[in-house]
Amino acid sequence: MTWAQRFARFVTGAVVRAPFLWRLFRGPMTRNFDRLASEWQATRVSRERLAPMDAALDALPEPPQRALDVGTGTGAVARVLAERWPGAEVTGVDVSPAMIAEARRLGAERYDVGDASKLPYADGSFDVVTLNNMIPFFDEVARVTAPGGHVAVSFSMGPSTPIWVPLERVRAELERRGFRHVADFSAGNGLSLLARKS
Ligand SMILES: C[S@@+](CC[C@H](N)C(=O)[O-])C[C@H]1O[C@@H](n2cnc3c(N)ncnc32)[C@H](O)[C@@H]1O
């Protein structure tokens with residue numbers, strides 16, 4: 001792993017345990033992803049790396065009307081959502097302005113610069129919320145998911161993903177916030193999980 005990847009892994013572990021620590025890391029992480037934005041799509045995104053998210057989305061029982069991809073980067077998962085469900089309103093949000101600029105260049109979905117620790121959306125705004133290789137801020141994920149809505153969390157290289165949270169931990173955190181576990185998935189080299197909000 002590069003220094004930046006090791007740093008992302010360290011921050012993920014710290015913030016999942018203690019979300020208030022994010023304020024210490026927001027600046028360096030944002031600058032790090034701003035630096036990577038111009039090469040991200042070409043070097044880090046592929047259909048194979050999206051396979052775990054695809055597997056979780058395949059299990060959604062009905063098409064969502066409003067979908068949010070958190071930590072969208074260059075918008076790869078937002079575009080998957082828009083391709084799958086052309087009638088849905090798809091939004092991608094990311095703390096890195098440079099990533100959002102790339103996402104807007106690559107797709108016509110709505111993209112916002114925003115922080116997942118304090119999402120700029122009303123409670124219950126989305127039928128599906130996705131996170132691919134993204135630090136989960138569970139309180140905010142739970143807040144913006146509509147009752148009956150779903151959350152899909154994927155890690156494209158499983159435990160080797162720099163931003164990685166064990167699925168048992170993801171499941172437990174979501175269950176504590178009123179979600180019911182639907183299933184875990186293994187696809188490509190990665191892992192994912194789907195949960196439904198009661
Ligand atoms: C590893 S990249 C994954 C990008 C994208 N999901 C993908 O699969 O290509 C993590 C992304 O999360 C963003 N990010 C990290 N912390 C964030 C936060 N608190 N709020 C919003 N975005 C965040 C970063 O800027 C970066 O674009």
# chains A, B, ... in the order shown; residues from 1 in each chain; ligands from 1

call {"tool": "select_by_dssp", "arguments": {"residues": "region 39-194 of chain A", "states": "strand (DSSP E)", "output": "ChimeraX atom specification"}}
result
/A:66-70,89-94,110-113,126-132,145-155,179-187,190-194

call {"tool": "residues_near_ligand", "arguments": {"ligand": "ligand 1", "cutoff": "7 Å", "atoms": "only C-alpha atoms and all ligand atoms", "output": "MDAnalysis selection string"}}
result
chainID A and resid 26 29:30 33 44:45 70:77 93:96 99 114:117 131:135 163

call {"tool": "residues_around", "arguments": {"residues": "Leu194 (chain A)", "least_positions_apart": "2", "cutoff": "8 Å", "atoms": "only C-alpha atoms", "output": "PDB file with all heavy atoms, in the first residue's frame"}}
result
ATOM      1  N   ALA A  56     -24.910  -6.383  -4.784  1.00  0.00           N
ATOM      2  CA  ALA A  56     -25.852  -5.891  -3.762  1.00  0.00           C
ATOM      3  C   ALA A  56     -27.055  -5.215  -4.430  1.00  0.00           C
ATOM      4  O   ALA A  56     -28.207  -5.420  -4.012  1.00  0.00           O
ATOM      5  CB  ALA A  56     -25.142  -4.932  -2.818  1.00  0.00           C
ATOM      6  N   LEU A  57     -26.807  -4.440  -5.486  1.00  0.00           N
ATOM      7  CA  LEU A  57     -27.916  -3.737  -6.149  1.00  0.00           C
ATOM      8  C   LEU A  57     -28.849  -4.705  -6.867  1.00  0.00           C
ATOM      9  O   LEU A  57     -30.060  -4.475  -6.962  1.00  0.00           O
ATOM     10  CB  LEU A  57     -27.368  -2.685  -7.126  1.00  0.00           C
ATOM     11  CG  LEU A  57     -26.577  -1.544  -6.475  1.00  0.00           C
ATOM     12  CD1 LEU A  57     -26.003  -0.612  -7.554  1.00  0.00           C
ATOM     13  CD2 LEU A  57     -27.457  -0.747  -5.502  1.00  0.00           C
ATOM     14  N   ALA A  59     -29.917  -7.293  -5.719  1.00  0.00           N
ATOM     15  CA  ALA A  59     -30.829  -7.866  -4.717  1.00  0.00           C
ATOM     16  C   ALA A  59     -31.881  -6.869  -4.227  1.00  0.00           C
ATOM     17  O   ALA A  59     -32.713  -7.230  -3.384  1.00  0.00           O
ATOM     18  CB  ALA A  59     -30.012  -8.386  -3.530  1.00  0.00           C
ATOM     19  N   HIS A 150     -33.040   1.077   1.431  1.00  0.00           N
ATOM     20  CA  HIS A 150     -31.905   0.150   1.557  1.00  0.00           C
ATOM     21  C   HIS A 150     -30.564   0.897   1.577  1.00  0.00           C
ATOM     22  O   HIS A 150     -30.443   1.982   0.997  1.00  0.00           O
ATOM     23  CB  HIS A 150     -31.890  -0.844   0.395  1.00  0.00           C
ATOM     24  CG  HIS A 150     -32.977  -1.857   0.480  1.00  0.00           C
ATOM     25  ND1 HIS A 150     -34.275  -1.577   0.100  1.00  0.00           N
ATOM     26  CD2 HIS A 150     -32.979  -3.152   0.915  1.00  0.00           C
ATOM     27  CE1 HIS A 150     -35.028  -2.656   0.298  1.00  0.00           C
ATOM     28  NE2 HIS A 150     -34.270  -3.619   0.787  1.00  0.00           N
ATOM     29  N   VAL A 151     -29.604   0.247   2.202  1.00  0.00           N
ATOM     30  CA  VAL A 151     -28.218   0.713   2.163  1.00  0.00           C
ATOM     31  C   VAL A 151     -27.360  -0.415   1.586  1.00  0.00           C
ATOM     32  O   VAL A 151     -27.480  -1.573   2.025  1.00  0.00           O
ATOM     33  CB  VAL A 151     -27.713   1.082   3.571  1.00  0.00           C
ATOM     34  CG1 VAL A 151     -26.219   1.349   3.553  1.00  0.00           C
ATOM     35  CG2 VAL A 151     -28.436   2.308   4.083  1.00  0.00           C
ATOM     36  N   ALA A 152     -26.533  -0.085   0.596  1.00  0.00           N
ATOM     37  CA  ALA A 152     -25.586  -1.050   0.014  1.00  0.00           C
ATOM     38  C   ALA A 152     -24.171  -0.534   0.271  1.00  0.00           C
ATOM     39  O   ALA A 152     -23.837   0.598  -0.105  1.00  0.00           O
ATOM     40  CB  ALA A 152     -25.832  -1.199  -1.485  1.00  0.00           C
ATOM     41  N   VAL A 153     -23.368  -1.365   0.942  1.00  0.00           N
ATOM     42  CA  VAL A 153     -21.992  -0.998   1.286  1.00  0.00           C
ATOM     43  C   VAL A 153     -21.062  -2.016   0.626  1.00  0.00           C
ATOM     44  O   VAL A 153     -21.247  -3.228   0.808  1.00  0.00           O
ATOM     45  CB  VAL A 153     -21.780  -1.028   2.819  1.00  0.00           C
ATOM     46  CG1 VAL A 153     -20.333  -0.677   3.173  1.00  0.00           C
ATOM     47  CG2 VAL A 153     -22.741  -0.060   3.511  1.00  0.00           C
ATOM     48  N   HIS A 181     -30.529  -6.785   8.340  1.00  0.00           N
ATOM     49  CA  HIS A 181     -29.566  -7.303   7.370  1.00  0.00           C
ATOM     50  C   HIS A 181     -30.307  -8.100   6.293  1.00  0.00           C
ATOM     51  O   HIS A 181     -31.147  -8.944   6.615  1.00  0.00           O
ATOM     52  CB  HIS A 181     -28.566  -8.203   8.106  1.00  0.00           C
ATOM     53  CG  HIS A 181     -27.509  -8.785   7.244  1.00  0.00           C
ATOM     54  ND1 HIS A 181     -27.464 -10.123   6.931  1.00  0.00           N
ATOM     55  CD2 HIS A 181     -26.459  -8.213   6.605  1.00  0.00           C
ATOM     56  CE1 HIS A 181     -26.419 -10.345   6.147  1.00  0.00           C
ATOM     57  NE2 HIS A 181     -25.797  -9.220   5.948  1.00  0.00           N
ATOM     58  N   VAL A 182     -30.008  -7.824   5.025  1.00  0.00           N
ATOM     59  CA  VAL A 182     -30.629  -8.615   3.943  1.00  0.00           C
ATOM     60  C   VAL A 182     -29.673  -9.727   3.538  1.00  0.00           C
ATOM     61  O   VAL A 182     -30.028 -10.904   3.581  1.00  0.00           O
ATOM     62  CB  VAL A 182     -30.998  -7.718   2.737  1.00  0.00           C
ATOM     63  CG1 VAL A 182     -31.536  -8.568   1.583  1.00  0.00           C
ATOM     64  CG2 VAL A 182     -32.013  -6.658   3.152  1.00  0.00           C
ATOM     65  N   ALA A 183     -28.432  -9.375   3.145  1.00  0.00           N
ATOM     66  CA  ALA A 183     -27.476 -10.409   2.720  1.00  0.00           C
ATOM     67  C   ALA A 183     -26.086  -9.810   2.566  1.00  0.00           C
ATOM     68  O   ALA A 183     -25.931  -8.596   2.375  1.00  0.00           O
ATOM     69  CB  ALA A 183     -27.922 -11.019   1.386  1.00  0.00           C
ATOM     70  N   ASP A 184     -25.089 -10.675   2.641  1.00  0.00           N
ATOM     71  CA  ASP A 184     -23.716 -10.342   2.244  1.00  0.00           C
ATOM     72  C   ASP A 184     -23.473 -10.943   0.857  1.00  0.00           C
ATOM     73  O   ASP A 184     -24.096 -11.951   0.495  1.00  0.00           O
ATOM     74  CB  ASP A 184     -22.698 -10.977   3.204  1.00  0.00           C
ATOM     75  CG  ASP A 184     -22.710 -10.349   4.579  1.00  0.00           C
ATOM     76  OD1 ASP A 184     -23.279  -9.249   4.731  1.00  0.00           O
ATOM     77  OD2 ASP A 184     -22.151 -10.960   5.498  1.00  0.00           O
ATOM     78  N   SER A 192     -19.657  -7.202  -0.294  1.00  0.00           N
ATOM     79  CA  SER A 192     -20.651  -6.146  -0.086  1.00  0.00           C
ATOM     80  C   SER A 192     -21.757  -6.651   0.820  1.00  0.00           C
ATOM     81  O   SER A 192     -21.833  -7.849   1.137  1.00  0.00           O
ATOM     82  CB  SER A 192     -21.235  -5.681  -1.427  1.00  0.00           C
ATOM     83  OG  SER A 192     -21.850  -6.756  -2.102  1.00  0.00           O
ATOM     84  N   ARG A 196     -31.841  -3.278   5.027  1.00  0.00           N
ATOM     85  CA  ARG A 196     -33.092  -2.544   4.800  1.00  0.00           C
ATOM     86  C   ARG A 196     -33.495  -1.826   6.076  1.00  0.00           C
ATOM     87  O   ARG A 196     -33.451  -2.422   7.159  1.00  0.00           O
ATOM     88  CB  ARG A 196     -34.193  -3.547   4.398  1.00  0.00           C
ATOM     89  CG  ARG A 196     -35.529  -2.912   4.131  1.00  0.00           C
ATOM     90  CD  ARG A 196     -36.535  -3.981   3.687  1.00  0.00           C
ATOM     91  NE  ARG A 196     -37.763  -3.364   3.203  1.00  0.00           N
ATOM     92  CZ  ARG A 196     -38.767  -3.000   3.972  1.00  0.00           C
ATOM     93  NH1 ARG A 196     -38.712  -3.192   5.284  1.00  0.00           N
ATOM     94  NH2 ARG A 196     -39.841  -2.433   3.464  1.00  0.00           N
TER      95      ARG A 196
END

call {"tool": "residues_around", "arguments": {"residues": "region 46-49 of chain A", "least_positions_apart": "5", "cutoff": "12 Å", "atoms": "only C-alpha atoms", "output": "list in words"}}
result
Trp40, Gln41, Asp54, Ala55, Ala76, Val77, Arg79, Val80, Asn132, Asn133, Ser154, Phe155, Ser156, Met157, Gly158, Thr161, Ser186, Ala187, Gly188, Asn189, Gly190, Leu191 and Ser192 of chain A

call {"tool": "residues_around", "arguments": {"residues": "Val11 (chain A)", "least_positions_apart": "3", "cutoff": "9 Å", "atoms": "only C-alpha atoms", "output": "ChimeraX atom specification"}}
result
/A:6-8,14-16,21-22,25,29,135,163

call {"tool": "write_last_selection", "arguments": {"atoms": "N, CA and C atoms", "output": "compact mmCIF listing (two decimals), in the first residue's frame"}}
result
# COMPACT_ATOMS: atom_id res chain seq x y z
N ARG A 6 -2.28 3.83 3.22
CA ARG A 6 -2.15 3.48 4.65
C ARG A 6 -2.81 4.53 5.53
N PHE A 7 -2.68 5.77 5.11
CA PHE A 7 -3.31 6.85 5.87
C PHE A 7 -4.85 6.70 5.82
N ALA A 8 -5.38 6.40 4.63
CA ALA A 8 -6.83 6.22 4.49
C ALA A 8 -7.32 5.06 5.37
N ALA A 14 -10.04 4.76 12.71
CA ALA A 14 -10.22 5.74 13.79
C ALA A 14 -11.63 6.33 13.75
N VAL A 15 -12.09 6.67 12.56
CA VAL A 15 -13.37 7.38 12.45
C VAL A 15 -14.56 6.44 12.69
N VAL A 16 -14.43 5.18 12.31
CA VAL A 16 -15.53 4.23 12.59
C VAL A 16 -15.66 4.05 14.10
N LEU A 21 -13.56 12.24 15.44
CA LEU A 21 -12.16 12.44 15.00
C LEU A 21 -12.06 12.91 13.55
N TRP A 22 -13.15 12.74 12.81
CA TRP A 22 -13.11 13.11 11.39
C TRP A 22 -12.67 14.56 11.19
N PHE A 25 -9.18 14.90 10.42
CA PHE A 25 -8.69 14.26 9.19
C PHE A 25 -9.30 14.83 7.92
N MET A 29 -7.44 14.42 4.23
CA MET A 29 -8.09 13.43 3.34
C MET A 29 -8.64 14.12 2.09
N ILE A 135 -15.63 5.60 3.79
CA ILE A 135 -15.76 5.54 5.25
C ILE A 135 -17.24 5.73 5.61
N ILE A 163 -9.72 1.57 2.22
CA ILE A 163 -10.85 1.94 3.09
C ILE A 163 -11.69 0.69 3.27

call {"tool": "residues_around", "arguments": {"residues": "Glu89 (chain A)", "least_positions_apart": "5", "cutoff": "12 Å", "atoms": "only C-alpha atoms", "output": "PyMOL selection string"}}
result
chain A and resi 63-69+78-79+81-84+108-111+125-128

call {"tool": "select_by_dssp", "arguments": {"residues": "region 64-162 of chain A", "states": "alpha helix (DSSP H)", "output": "list in words"}}
result
Ala76, Val77, Ala78, Arg79, Val80, Leu81, Ala82, Glu83, Arg84, Pro97, Ala98, Met99, Ile100, Ala101, Glu102, Ala103, Arg104, Arg105, Leu106, Phe138, Asp139, Glu140, Val141, Ala142, Arg143 and Val144 of chain A

call {"tool": "atom_distance", "arguments": {"atom1": "CA of Asp58 (chain A)", "atom2": "CA of Leu36 (chain A)"}}
result
29.8 Å

call {"tool": "atom_distance", "arguments": {"atom1": "CA of Ser198 (chain A)", "atom2": "CA of Ala122 (chain A)"}}
result
17.9 Å

call {"tool": "atom_distance", "arguments": {"atom1": "CA of Thr145 (chain A)", "atom2": "CA of Val129 (chain A)"}}
result
6.6 Å

call {"tool": "closest_atom_pairs", "arguments": {"of": "region 107-162 of chain A", "to": "region 166-176 of chain A", "cutoff": "8 Å", "atoms": "only C-alpha atoms", "output": "Markdown table"}}
result
| residue | atom | partner | partner_atom | distance |
| --- | --- | --- | --- | --- |
| A:Phe138 | CA | A:Glu173 | CA | 6.8 |
| A:Ala142 | CA | A:Leu174 | CA | 7.5 |
| A:Pro159 | CA | A:Pro166 | CA | 7.3 |
